>>> print(open('upload.cif').read())   # mmCIF, C-alpha atoms and all ligand atoms
data_target
loop_
_atom_site.group_PDB
_atom_site.id
_atom_site.type_symbol
_atom_site.label_atom_id
_atom_site.label_comp_id
_atom_site.auth_asym_id
_atom_site.auth_seq_id
_atom_site.Cartn_x
_atom_site.Cartn_y
_atom_site.Cartn_z
ATOM 1 C CA MET A 1 33.689 55.600 52.850
ATOM 2 C CA LEU A 2 31.907 52.992 54.975
ATOM 3 C CA SER A 3 28.502 54.561 54.350
ATOM 4 C CA ALA A 4 29.145 54.529 50.582
ATOM 5 C CA TRP A 5 30.036 50.837 50.795
ATOM 6 C CA LEU A 6 26.922 50.069 52.855
ATOM 7 C CA ALA A 7 24.743 51.951 50.365
ATOM 8 C CA ARG A 8 26.260 49.979 47.507
ATOM 9 C CA ALA A 9 25.876 46.653 49.367
ATOM 10 C CA SER A 10 22.242 47.429 50.203
ATOM 11 C CA PHE A 11 21.508 48.467 46.605
ATOM 12 C CA SER A 12 23.226 45.342 45.293
ATOM 13 C CA ARG A 13 20.951 43.067 47.372
ATOM 14 C CA HIS A 14 17.928 44.364 45.489
ATOM 15 C CA LEU A 15 19.310 43.608 42.033
ATOM 16 C CA PRO A 16 18.465 40.381 40.166
ATOM 17 C CA ALA A 17 21.179 37.725 40.555
ATOM 18 C CA ALA A 18 22.452 38.010 36.968
ATOM 19 C CA VAL A 19 22.885 41.786 37.264
ATOM 20 C CA ARG A 20 24.414 41.509 40.720
ATOM 21 C CA THR A 21 27.245 39.290 39.418
ATOM 22 C CA ILE A 22 28.092 41.917 36.813
ATOM 23 C CA ALA A 23 27.620 44.844 39.222
ATOM 24 C CA THR A 24 29.818 43.353 41.945
ATOM 25 C CA PRO A 25 32.913 45.574 42.076
ATOM 26 C CA ARG A 26 36.307 44.095 41.269
ATOM 27 C CA GLY A 27 37.515 42.500 44.459
ATOM 28 C CA GLY A 28 34.118 41.150 45.579
ATOM 29 C CA GLN A 29 33.106 38.312 47.852
ATOM 30 C CA CYS A 30 34.468 34.790 47.574
ATOM 31 C CA HIS A 31 31.600 32.730 46.162
ATOM 32 C CA ILE A 32 32.103 30.081 48.868
ATOM 33 C CA CYS A 33 33.075 31.759 52.160
ATOM 34 C CA ARG A 34 31.697 35.246 51.348
ATOM 35 C CA ARG A 35 34.853 36.963 52.612
ATOM 36 C CA TRP A 36 35.788 40.103 50.713
ATOM 37 C CA GLN A 37 38.928 39.579 48.670
ATOM 38 C CA SER A 38 40.221 39.762 45.109
ATOM 39 C CA HIS A 39 39.335 36.331 43.652
ATOM 40 C CA ALA A 40 35.987 34.794 42.755
ATOM 41 C CA ILE A 41 36.951 31.745 44.835
ATOM 42 C CA CYS A 42 39.595 32.577 47.459
ATOM 43 C CA SER A 43 42.808 30.621 47.907
ATOM 44 C CA THR A 44 41.722 29.406 51.369
ATOM 45 C CA CYS A 45 38.546 27.856 49.948
ATOM 46 C CA LEU A 46 40.459 26.299 47.058
ATOM 47 C CA THR A 47 42.904 24.736 49.523
ATOM 48 C CA VAL A 48 40.061 23.348 51.654
ATOM 49 C CA TRP A 49 37.664 22.241 48.930
ATOM 50 C CA GLN A 50 39.811 21.371 45.914
ATOM 51 C CA CYS A 51 41.786 18.534 47.458
ATOM 52 C CA ALA A 52 43.711 16.219 45.148
ATOM 53 C CA ILE A 53 41.845 12.963 44.691
ATOM 54 C CA ARG A 54 43.011 9.755 43.055
ATOM 55 C CA ARG A 55 40.537 9.180 40.241
ATOM 56 C CA CYS A 56 39.766 6.508 37.673
ATOM 57 C CA GLN A 57 41.766 7.417 34.558
ATOM 58 C CA ARG A 58 38.803 6.477 32.416
ATOM 59 C CA CYS A 59 35.721 7.966 34.126
ATOM 60 C CA ALA A 60 37.287 10.230 36.812
ATOM 61 C CA ILE A 61 35.353 8.684 39.690
ATOM 62 C CA THR A 62 37.084 8.742 43.073
ATOM 63 C CA LEU A 63 39.008 5.523 43.593
ATOM 64 C CA PRO A 64 38.805 3.803 46.986
ATOM 65 C CA ALA A 65 42.132 3.843 48.856
ATOM 66 C CA ALA A 66 42.295 0.033 48.637
ATOM 67 C CA HIS A 67 41.825 0.049 44.830
ATOM 68 C CA HIS A 68 45.287 -0.180 43.284
ATOM 69 C CA ASP A 69 44.455 -0.073 39.568
ATOM 70 C CA ASP A 70 44.210 3.231 37.700
ATOM 71 C CA VAL A 71 40.807 2.221 36.312
ATOM 72 C CA CYS A 72 37.703 1.581 38.458
ATOM 73 C CA SER A 73 35.907 -1.762 38.429
ATOM 74 C CA SER A 74 32.906 -0.288 36.546
ATOM 75 C CA CYS A 75 35.149 0.826 33.672
ATOM 76 C CA GLU A 76 36.814 -2.589 33.643
ATOM 77 C CA ASP A 77 33.350 -4.158 33.184
ATOM 78 C CA VAL A 78 31.982 -1.660 30.642
ATOM 79 C CA THR A 79 34.478 0.623 28.937
ATOM 80 C CA PRO A 80 33.159 4.151 28.315
ATOM 81 C CA GLU A 81 33.157 5.526 24.773
ATOM 82 C CA PHE A 82 35.441 8.406 25.819
ATOM 83 C CA ASP A 83 39.086 7.450 26.276
ATOM 84 C CA ARG A 84 39.680 9.382 29.488
ATOM 85 C CA ALA A 85 37.883 11.796 31.769
ATOM 86 C CA ILE A 86 39.246 14.672 33.822
ATOM 87 C CA ALA A 87 37.323 16.258 36.706
ATOM 88 C CA ALA A 88 38.416 19.268 38.760
ATOM 89 C CA VAL A 89 36.499 18.363 41.928
ATOM 90 C CA ASP A 90 34.030 15.897 43.397
ATOM 91 C CA TYR A 91 30.368 16.938 43.266
ATOM 92 C CA ASP A 92 30.411 17.501 47.002
ATOM 93 C CA GLY A 93 31.060 20.198 49.626
ATOM 94 C CA PRO A 94 30.286 23.677 48.234
ATOM 95 C CA TRP A 95 30.448 22.658 44.554
ATOM 96 C CA PRO A 96 26.832 21.442 44.002
ATOM 97 C CA GLU A 97 25.507 24.816 45.140
ATOM 98 C CA LEU A 98 27.937 26.761 42.949
ATOM 99 C CA LEU A 99 27.169 24.607 39.916
ATOM 100 C CA THR A 100 23.424 24.981 40.518
ATOM 101 C CA ARG A 101 23.856 28.755 40.640
ATOM 102 C CA LEU A 102 25.826 28.659 37.381
ATOM 103 C CA LYS A 103 23.317 26.382 35.696
ATOM 104 C CA PHE A 104 19.941 27.577 36.909
ATOM 105 C CA ASN A 105 20.310 30.952 38.663
ATOM 106 C CA GLY A 106 22.085 33.060 36.054
ATOM 107 C CA ALA A 107 25.362 33.230 38.006
ATOM 108 C CA THR A 108 27.390 33.133 34.796
ATOM 109 C CA ALA A 109 30.344 34.876 36.496
ATOM 110 C CA LEU A 110 31.056 31.514 38.138
ATOM 111 C CA ALA A 111 32.000 29.972 34.775
ATOM 112 C CA ARG A 112 35.426 31.564 34.782
ATOM 113 C CA PRO A 113 36.730 30.389 38.207
ATOM 114 C CA LEU A 114 35.225 26.924 37.721
ATOM 115 C CA ALA A 115 36.736 26.623 34.220
ATOM 116 C CA THR A 116 40.082 27.786 35.606
ATOM 117 C CA MET A 117 40.091 24.935 38.134
ATOM 118 C CA LEU A 118 39.335 22.473 35.360
ATOM 119 C CA ALA A 119 41.940 23.957 32.995
ATOM 120 C CA GLU A 120 44.580 23.610 35.724
ATOM 121 C CA ARG A 121 43.725 19.942 36.167
ATOM 122 C CA ILE A 122 43.826 19.347 32.383
ATOM 123 C CA HIS A 123 47.217 21.064 32.245
ATOM 124 C CA GLU A 124 48.536 18.921 35.131
ATOM 125 C CA ARG A 125 47.427 15.760 33.349
ATOM 126 C CA ARG A 126 49.101 17.025 30.121
ATOM 127 C CA ALA A 127 45.847 16.247 28.335
ATOM 128 C CA GLN A 128 45.463 17.604 24.832
ATOM 129 C CA ALA A 129 42.703 18.021 22.289
ATOM 130 C CA ASP A 130 42.292 19.454 18.798
ATOM 131 C CA LEU A 131 38.820 20.764 19.492
ATOM 132 C CA ILE A 132 36.630 21.512 22.527
ATOM 133 C CA VAL A 133 32.894 20.842 22.226
ATOM 134 C CA PRO A 134 30.308 21.626 24.937
ATOM 135 C CA VAL A 135 27.469 19.232 25.720
ATOM 136 C CA PRO A 136 24.601 20.949 23.890
ATOM 137 C CA LEU A 137 21.230 21.885 25.376
ATOM 138 C CA SER A 138 17.964 21.199 23.606
ATOM 139 C CA ARG A 139 16.427 24.184 21.850
ATOM 140 C CA GLN A 140 13.675 24.289 24.500
ATOM 141 C CA ARG A 141 16.131 24.272 27.432
ATOM 142 C CA MET A 142 18.269 26.923 25.711
ATOM 143 C CA THR A 143 15.205 29.134 25.352
ATOM 144 C CA GLU A 144 14.270 28.645 29.021
ATOM 145 C CA ARG A 145 17.761 29.266 30.383
ATOM 146 C CA GLY A 146 19.139 31.720 27.851
ATOM 147 C CA TYR A 147 22.645 30.272 27.922
ATOM 148 C CA ASN A 148 24.457 26.934 27.947
ATOM 149 C CA GLN A 149 26.654 26.692 31.034
ATOM 150 C CA SER A 150 28.880 24.090 29.324
ATOM 151 C CA TRP A 151 29.564 26.512 26.472
ATOM 152 C CA LEU A 152 30.534 29.240 28.970
ATOM 153 C CA LEU A 153 32.976 26.796 30.577
ATOM 154 C CA ALA A 154 34.299 25.695 27.158
ATOM 155 C CA LYS A 155 34.945 29.310 26.098
ATOM 156 C CA HIS A 156 37.055 29.982 29.204
ATOM 157 C CA ILE A 157 38.988 26.734 28.719
ATOM 158 C CA GLU A 158 39.587 27.692 25.080
ATOM 159 C CA ARG A 159 41.245 30.926 26.211
ATOM 160 C CA GLN A 160 43.275 29.287 28.947
ATOM 161 C CA LEU A 161 44.529 26.257 26.987
ATOM 162 C CA ALA A 162 44.567 27.800 23.493
ATOM 163 C CA VAL A 163 42.448 24.984 22.030
ATOM 164 C CA ALA A 164 39.583 25.984 19.725
ATOM 165 C CA ALA A 165 36.053 25.583 21.129
ATOM 166 C CA ARG A 166 32.978 25.257 18.888
ATOM 167 C CA PHE A 167 29.342 25.245 19.988
ATOM 168 C CA ASP A 168 28.014 24.161 16.568
ATOM 169 C CA VAL A 169 29.421 20.622 16.362
ATOM 170 C CA LEU A 170 26.797 18.688 18.330
ATOM 171 C CA THR A 171 23.073 19.346 18.652
ATOM 172 C CA ARG A 172 20.537 17.809 20.962
ATOM 173 C CA ARG A 173 17.879 16.062 18.979
ATOM 174 C CA GLN A 174 15.094 15.821 21.485
ATOM 175 C CA HIS A 175 14.033 17.445 24.697
ATOM 176 C CA THR A 176 14.903 14.907 27.386
ATOM 177 C CA GLN A 177 13.437 14.780 30.893
ATOM 178 C CA ARG A 178 15.569 16.263 33.645
ATOM 179 C CA LEU A 179 18.109 13.485 34.049
ATOM 180 C CA MET A 180 18.737 14.069 37.755
ATOM 181 C CA SER A 181 15.401 12.418 38.609
ATOM 182 C CA LEU A 182 16.074 9.211 36.649
ATOM 183 C CA SER A 183 17.851 5.991 37.584
ATOM 184 C CA ALA A 184 21.143 5.229 35.834
ATOM 185 C CA GLN A 185 19.436 2.746 33.487
ATOM 186 C CA GLU A 186 16.583 5.153 32.644
ATOM 187 C CA ARG A 187 19.111 7.922 32.098
ATOM 188 C CA ALA A 188 21.189 5.846 29.657
ATOM 189 C CA LEU A 189 18.075 4.893 27.631
ATOM 190 C CA GLN A 190 16.793 8.471 27.644
ATOM 191 C CA ILE A 191 20.046 9.936 26.403
ATOM 192 C CA ARG A 192 21.264 7.202 24.035
ATOM 193 C CA ASP A 193 20.240 8.823 20.757
ATOM 194 C CA ALA A 194 19.833 12.373 21.935
ATOM 195 C CA PHE A 195 22.731 13.920 19.990
ATOM 196 C CA GLU A 196 23.663 14.406 16.359
ATOM 197 C CA ILE A 197 26.489 16.008 14.413
ATOM 198 C CA THR A 198 25.837 19.204 12.513
ATOM 199 C CA SER A 199 27.132 19.650 8.985
ATOM 200 C CA ALA A 200 29.660 22.177 10.356
ATOM 201 C CA GLY A 201 30.722 19.598 12.933
ATOM 202 C CA GLN A 202 31.043 16.894 10.299
ATOM 203 C CA ALA A 203 33.618 19.028 8.474
ATOM 204 C CA LEU A 204 35.582 19.706 11.673
ATOM 205 C CA ILE A 205 35.971 16.450 13.543
ATOM 206 C CA GLY A 206 37.318 13.913 11.026
ATOM 207 C CA GLY A 207 40.502 12.399 12.479
ATOM 208 C CA ARG A 208 40.564 14.934 15.338
ATOM 209 C CA HIS A 209 40.807 14.409 19.059
ATOM 210 C CA VAL A 210 37.747 16.056 20.602
ATOM 211 C CA ALA A 211 37.249 17.028 24.264
ATOM 212 C CA ILE A 212 33.642 17.293 25.425
ATOM 213 C CA VAL A 213 33.106 19.795 28.241
ATOM 214 C CA ASP A 214 30.298 19.612 30.787
ATOM 215 C CA ASP A 215 29.610 20.981 34.257
ATOM 216 C CA VAL A 216 28.890 17.692 36.050
ATOM 217 C CA MET A 217 29.372 14.014 35.247
ATOM 218 C CA THR A 218 26.911 11.836 37.161
ATOM 219 C CA THR A 219 26.630 8.405 35.534
ATOM 220 C CA GLY A 220 28.554 9.466 32.430
ATOM 221 C CA ALA A 221 25.611 8.516 30.170
ATOM 222 C CA THR A 222 25.362 11.981 28.592
ATOM 223 C CA LEU A 223 29.084 12.201 27.871
ATOM 224 C CA ASP A 224 29.095 8.610 26.634
ATOM 225 C CA ALA A 225 26.286 9.406 24.168
ATOM 226 C CA CYS A 226 28.134 12.529 22.952
ATOM 227 C CA ALA A 227 31.360 10.535 22.558
ATOM 228 C CA ARG A 228 29.624 7.773 20.599
ATOM 229 C CA THR A 229 28.067 10.334 18.253
ATOM 230 C CA LEU A 230 31.428 12.024 17.661
ATOM 231 C CA LEU A 231 33.265 8.724 17.108
ATOM 232 C CA GLU A 232 30.622 7.442 14.694
ATOM 233 C CA ALA A 233 31.011 10.684 12.740
ATOM 234 C CA GLY A 234 34.757 10.183 12.377
ATOM 235 C CA ALA A 235 36.479 11.705 15.422
ATOM 236 C CA ARG A 236 39.763 9.912 16.151
ATOM 237 C CA SER A 237 39.228 9.927 19.903
ATOM 238 C CA VAL A 238 37.121 11.692 22.512
ATOM 239 C CA SER A 239 37.857 12.794 26.085
ATOM 240 C CA ALA A 240 35.492 14.148 28.737
ATOM 241 C CA TRP A 241 36.428 17.258 30.735
ATOM 242 C CA VAL A 242 34.080 18.139 33.590
ATOM 243 C CA VAL A 243 34.147 20.517 36.534
ATOM 244 C CA ALA A 244 32.662 18.027 38.998
ATOM 245 C CA ARG A 245 32.293 14.264 39.194
ATOM 246 C CA THR A 246 29.772 12.637 41.518
ATOM 247 C CA PRO A 247 31.742 10.635 44.084
ATOM 248 C CA GLN A 248 30.984 7.036 44.890
ATOM 249 C CA PRO A 249 27.903 6.705 47.127
ATOM 250 C CA GLY A 250 28.709 7.329 50.781
ATOM 251 C CA ARG A 251 32.138 8.764 50.076
ATOM 252 C CA HIS A 252 32.840 12.389 50.928
ATOM 253 C CA ALA A 253 35.552 14.232 49.011
ATOM 254 C CA ASN A 254 37.566 14.860 52.170
ATOM 255 C CA GLN A 255 37.528 11.160 53.032
ATOM 256 C CA SER A 256 38.851 10.166 49.621
ATOM 257 C CA ALA A 257 42.305 8.866 48.864
ATOM 258 C CA GLN A 258 44.749 11.711 48.383
ATOM 259 C CA ALA A 259 47.247 11.677 45.536
HETATM 260 ZN ZN ZN B 301 36.619 31.737 50.254
HETATM 261 ZN ZN ZN B 302 36.016 4.411 35.896
#
>>> encode(input="upload.cif", output="structure tokens", more="lines below")
Ligand SMILES: [Zn+2]
Ligand SMILES: [Zn+2]
Amino acid sequence: MLSAWLARASFSRHLPAAVRTIATPRGGQCHICRRWQSHAICSTCLTVWQCAIRRCQRCAITLPAAHHDDVCSSCEDVTPEFDRAIAAVDYDGPWPELLTRLKFNGATALARPLATMLAERIHERRAQADLIVPVPLSRQRMTERGYNQSWLLAKHIERQLAVAARFDVLTRRQHTQRLMSLSAQERALQIRDAFEITSAGQALIGGRHVAIVDDVMTTGATLDACARTLLEAGARSVSAWVVARTPQPGRHANQSAQA
């Protein structure tokens, strides 16, 4: 029994990452602590790393304990195009590595547990939408990667919340530089006119409340550009639903205000 398991474990190490996630037997390793158990992310890790955080109602950034309003000072100065944002976790602790594996390393099996965390948070907030739309990739990035991680997340949220998801509402007009390397101002300029509505999307969004799904919100410029495009094309309102939100500089998730 043990030798069969060792043979399988040894064989599995030599498979490409994408195949390994499929080949992992039911009841595999927790993606964070690597303990063998029955969930993709075990309950212990969820308890440790998915702590409740008081967030800005508008942009989902962690609010300092001393900040008593529901909206952060940045959103008071410049109101985002989306009416509210929901994030499952801060982009901190184990989450950046998991999201990198989902996005760049073919670990598509991570979409389901990450989407489940987000769906639970959406459900808690009693947030609703008529339509879920993923942030689209450019044609070039789609060809390089082979899948859109935001669409994988959107499909799981569709199943869990029974809200229709469509990948053919927004397209990305141009191939933008990797945004992670740009300043907030450069990022906003780069992304401003990057999206457009498809003819299928035009027929779907008039008067509807649309939720845009993405893996990470950093400055919010990408989601803001998507929201503006949807609103200009006739959507009634737009929300942003993301797995992870970058915390305020210097603030660790576990040091954040609990709520
Ligand atoms: Zn674990
Ligand atoms: Zn805010």
>>> residues_around(input="upload.cif", residues="Ala162 (chain A)", least_positions_apart="5", cutoff="10 Å", atoms="only C-alpha atoms", output="VMD selection string")
chain A and resid 130 to 131 156 to 157
>>> closest_residue(input="upload.cif", among="A:Ala164, A:Phe104, A:Arg126, A:Arg121", to="Met142 (chain A)", atoms="all atoms listed in the file")
A:Phe104
>>> closest_residue(input="upload.cif", among="A:Gly28, A:Gly234, A:Pro134, A:Gly207", to="ligand ZN 301 (chain B)", atoms="all atoms listed in the file")
A:Gly28
>>> residues_around(input="upload.cif", residues="Asp193 (chain A)", least_positions_apart="5", cutoff="12 Å", atoms="all atoms listed in the file", output="list of chain:residue names")
A:Thr171, A:Arg172, A:Arg173, A:Gln174, A:His175, A:Thr176, A:Arg187, A:Ala188, A:Ala221, A:Thr222, A:Leu223, A:Asp224, A:Ala225, A:Cys226, A:Ala227, A:Arg228, A:Thr229
>>> write_last_selection(input="upload.cif", atoms="C-alpha atoms", output="PDB file, in the coordinates of the input")
ATOM      1  CA  THR A 171      23.073  19.346  18.652  1.00  0.00           C
ATOM      2  CA  ARG A 172      20.537  17.809  20.962  1.00  0.00           C
ATOM      3  CA  ARG A 173      17.879  16.062  18.979  1.00  0.00           C
ATOM      4  CA  GLN A 174      15.094  15.821  21.485  1.00  0.00           C
ATOM      5  CA  HIS A 175      14.033  17.445  24.697  1.00  0.00           C
ATOM      6  CA  THR A 176      14.903  14.907  27.386  1.00  0.00           C
ATOM      7  CA  ARG A 187      19.111   7.922  32.098  1.00  0.00           C
ATOM      8  CA  ALA A 188      21.189   5.846  29.657  1.00  0.00           C
ATOM      9  CA  ALA A 221      25.611   8.516  30.170  1.00  0.00           C
ATOM     10  CA  THR A 222      25.362  11.981  28.592  1.00  0.00           C
ATOM     11  CA  LEU A 223      29.084  12.201  27.871  1.00  0.00           C
ATOM     12  CA  ASP A 224      29.095   8.610  26.634  1.00  0.00           C
ATOM     13  CA  ALA A 225      26.286   9.406  24.168  1.00  0.00           C
ATOM     14  CA  CYS A 226      28.134  12.529  22.952  1.00  0.00           C
ATOM     15  CA  ALA A 227      31.360  10.535  22.558  1.00  0.00           C
ATOM     16  CA  ARG A 228      29.624   7.773  20.599  1.00  0.00           C
ATOM     17  CA  THR A 229      28.067  10.334  18.253  1.00  0.00           C
TER      18      THR A 229
END
>>> residues_near_ligand(input="upload.cif", ligand="ligand ZN 302 (chain B)", cutoff="12 Å", atoms="all atoms listed in the file", output="MDAnalysis selection string")
chainID A and resid 54:64 67 69:87 217:220 245:248
>>> closest_residue(input="upload.cif", among="A:Arg166, A:Arg141, A:His123, A:Arg35", to="ligand ZN 301 (chain B)", atoms="all atoms listed in the file")
A:Arg35
>>> build_atoms(input="upload.cif", residues="region 93-112 of chain A", atoms="N, CA and C atoms", output="PDB file, keeping the file's coordinate frame")
ATOM      1  N   GLY A  93      30.679  18.959  48.944  1.00  0.00           N
ATOM      2  CA  GLY A  93      31.060  20.198  49.626  1.00  0.00           C
ATOM      3  C   GLY A  93      30.301  21.385  49.051  1.00  0.00           C
ATOM      4  N   PRO A  94      30.989  22.480  48.731  1.00  0.00           N
ATOM      5  CA  PRO A  94      30.286  23.677  48.234  1.00  0.00           C
ATOM      6  C   PRO A  94      29.965  23.618  46.740  1.00  0.00           C
ATOM      7  N   TRP A  95      30.522  22.625  46.026  1.00  0.00           N
ATOM      8  CA  TRP A  95      30.448  22.658  44.554  1.00  0.00           C
ATOM      9  C   TRP A  95      29.040  22.453  44.002  1.00  0.00           C
ATOM     10  N   PRO A  96      28.183  21.556  44.571  1.00  0.00           N
ATOM     11  CA  PRO A  96      26.832  21.442  44.002  1.00  0.00           C
ATOM     12  C   PRO A  96      26.084  22.777  44.012  1.00  0.00           C
ATOM     13  N   GLU A  97      26.233  23.541  45.092  1.00  0.00           N
ATOM     14  CA  GLU A  97      25.507  24.816  45.140  1.00  0.00           C
ATOM     15  C   GLU A  97      26.045  25.792  44.083  1.00  0.00           C
ATOM     16  N   LEU A  98      27.359  25.844  43.944  1.00  0.00           N
ATOM     17  CA  LEU A  98      27.937  26.761  42.949  1.00  0.00           C
ATOM     18  C   LEU A  98      27.526  26.364  41.530  1.00  0.00           C
ATOM     19  N   LEU A  99      27.534  25.061  41.263  1.00  0.00           N
ATOM     20  CA  LEU A  99      27.169  24.607  39.916  1.00  0.00           C
ATOM     21  C   LEU A  99      25.681  24.811  39.647  1.00  0.00           C
ATOM     22  N   THR A 100      24.855  24.690  40.682  1.00  0.00           N
ATOM     23  CA  THR A 100      23.424  24.981  40.518  1.00  0.00           C
ATOM     24  C   THR A 100      23.220  26.451  40.217  1.00  0.00           C
ATOM     25  N   ARG A 101      23.983  27.306  40.903  1.00  0.00           N
ATOM     26  CA  ARG A 101      23.856  28.755  40.640  1.00  0.00           C
ATOM     27  C   ARG A 101      24.297  29.080  39.221  1.00  0.00           C
ATOM     28  N   LEU A 102      25.370  28.429  38.759  1.00  0.00           N
ATOM     29  CA  LEU A 102      25.826  28.659  37.381  1.00  0.00           C
ATOM     30  C   LEU A 102      24.770  28.181  36.383  1.00  0.00           C
ATOM     31  N   LYS A 103      24.180  27.024  36.678  1.00  0.00           N
ATOM     32  CA  LYS A 103      23.317  26.382  35.696  1.00  0.00           C
ATOM     33  C   LYS A 103      21.903  26.957  35.671  1.00  0.00           C
ATOM     34  N   PHE A 104      21.361  27.223  36.850  1.00  0.00           N
ATOM     35  CA  PHE A 104      19.941  27.577  36.909  1.00  0.00           C
ATOM     36  C   PHE A 104      19.657  29.006  37.373  1.00  0.00           C
ATOM     37  N   ASN A 105      20.611  29.649  38.045  1.00  0.00           N
ATOM     38  CA  ASN A 105      20.310  30.952  38.663  1.00  0.00           C
ATOM     39  C   ASN A 105      20.999  32.127  37.985  1.00  0.00           C
ATOM     40  N   GLY A 106      21.507  31.934  36.795  1.00  0.00           N
ATOM     41  CA  GLY A 106      22.085  33.060  36.054  1.00  0.00           C
ATOM     42  C   GLY A 106      23.430  33.541  36.569  1.00  0.00           C
ATOM     43  N   ALA A 107      24.067  32.778  37.456  1.00  0.00           N
ATOM     44  CA  ALA A 107      25.362  33.230  38.006  1.00  0.00           C
ATOM     45  C   ALA A 107      26.485  32.874  37.031  1.00  0.00           C
ATOM     46  N   THR A 108      26.439  33.493  35.852  1.00  0.00           N
ATOM     47  CA  THR A 108      27.390  33.133  34.796  1.00  0.00           C
ATOM     48  C   THR A 108      28.829  33.543  35.130  1.00  0.00           C
ATOM     49  N   ALA A 109      28.992  34.465  36.093  1.00  0.00           N
ATOM     50  CA  ALA A 109      30.344  34.876  36.496  1.00  0.00           C
ATOM     51  C   ALA A 109      31.108  33.712  37.129  1.00  0.00           C
ATOM     52  N   LEU A 110      30.378  32.672  37.547  1.00  0.00           N
ATOM     53  CA  LEU A 110      31.056  31.514  38.138  1.00  0.00           C
ATOM     54  C   LEU A 110      31.759  30.654  37.091  1.00  0.00           C
ATOM     55  N   ALA A 111      31.407  30.827  35.818  1.00  0.00           N
ATOM     56  CA  ALA A 111      32.000  29.972  34.775  1.00  0.00           C
ATOM     57  C   ALA A 111      33.521  30.120  34.753  1.00  0.00           C
ATOM     58  N   ARG A 112      33.988  31.339  34.908  1.00  0.00           N
ATOM     59  CA  ARG A 112      35.426  31.564  34.782  1.00  0.00           C
ATOM     60  C   ARG A 112      36.238  30.869  35.893  1.00  0.00           C
TER      61      ARG A 112
END
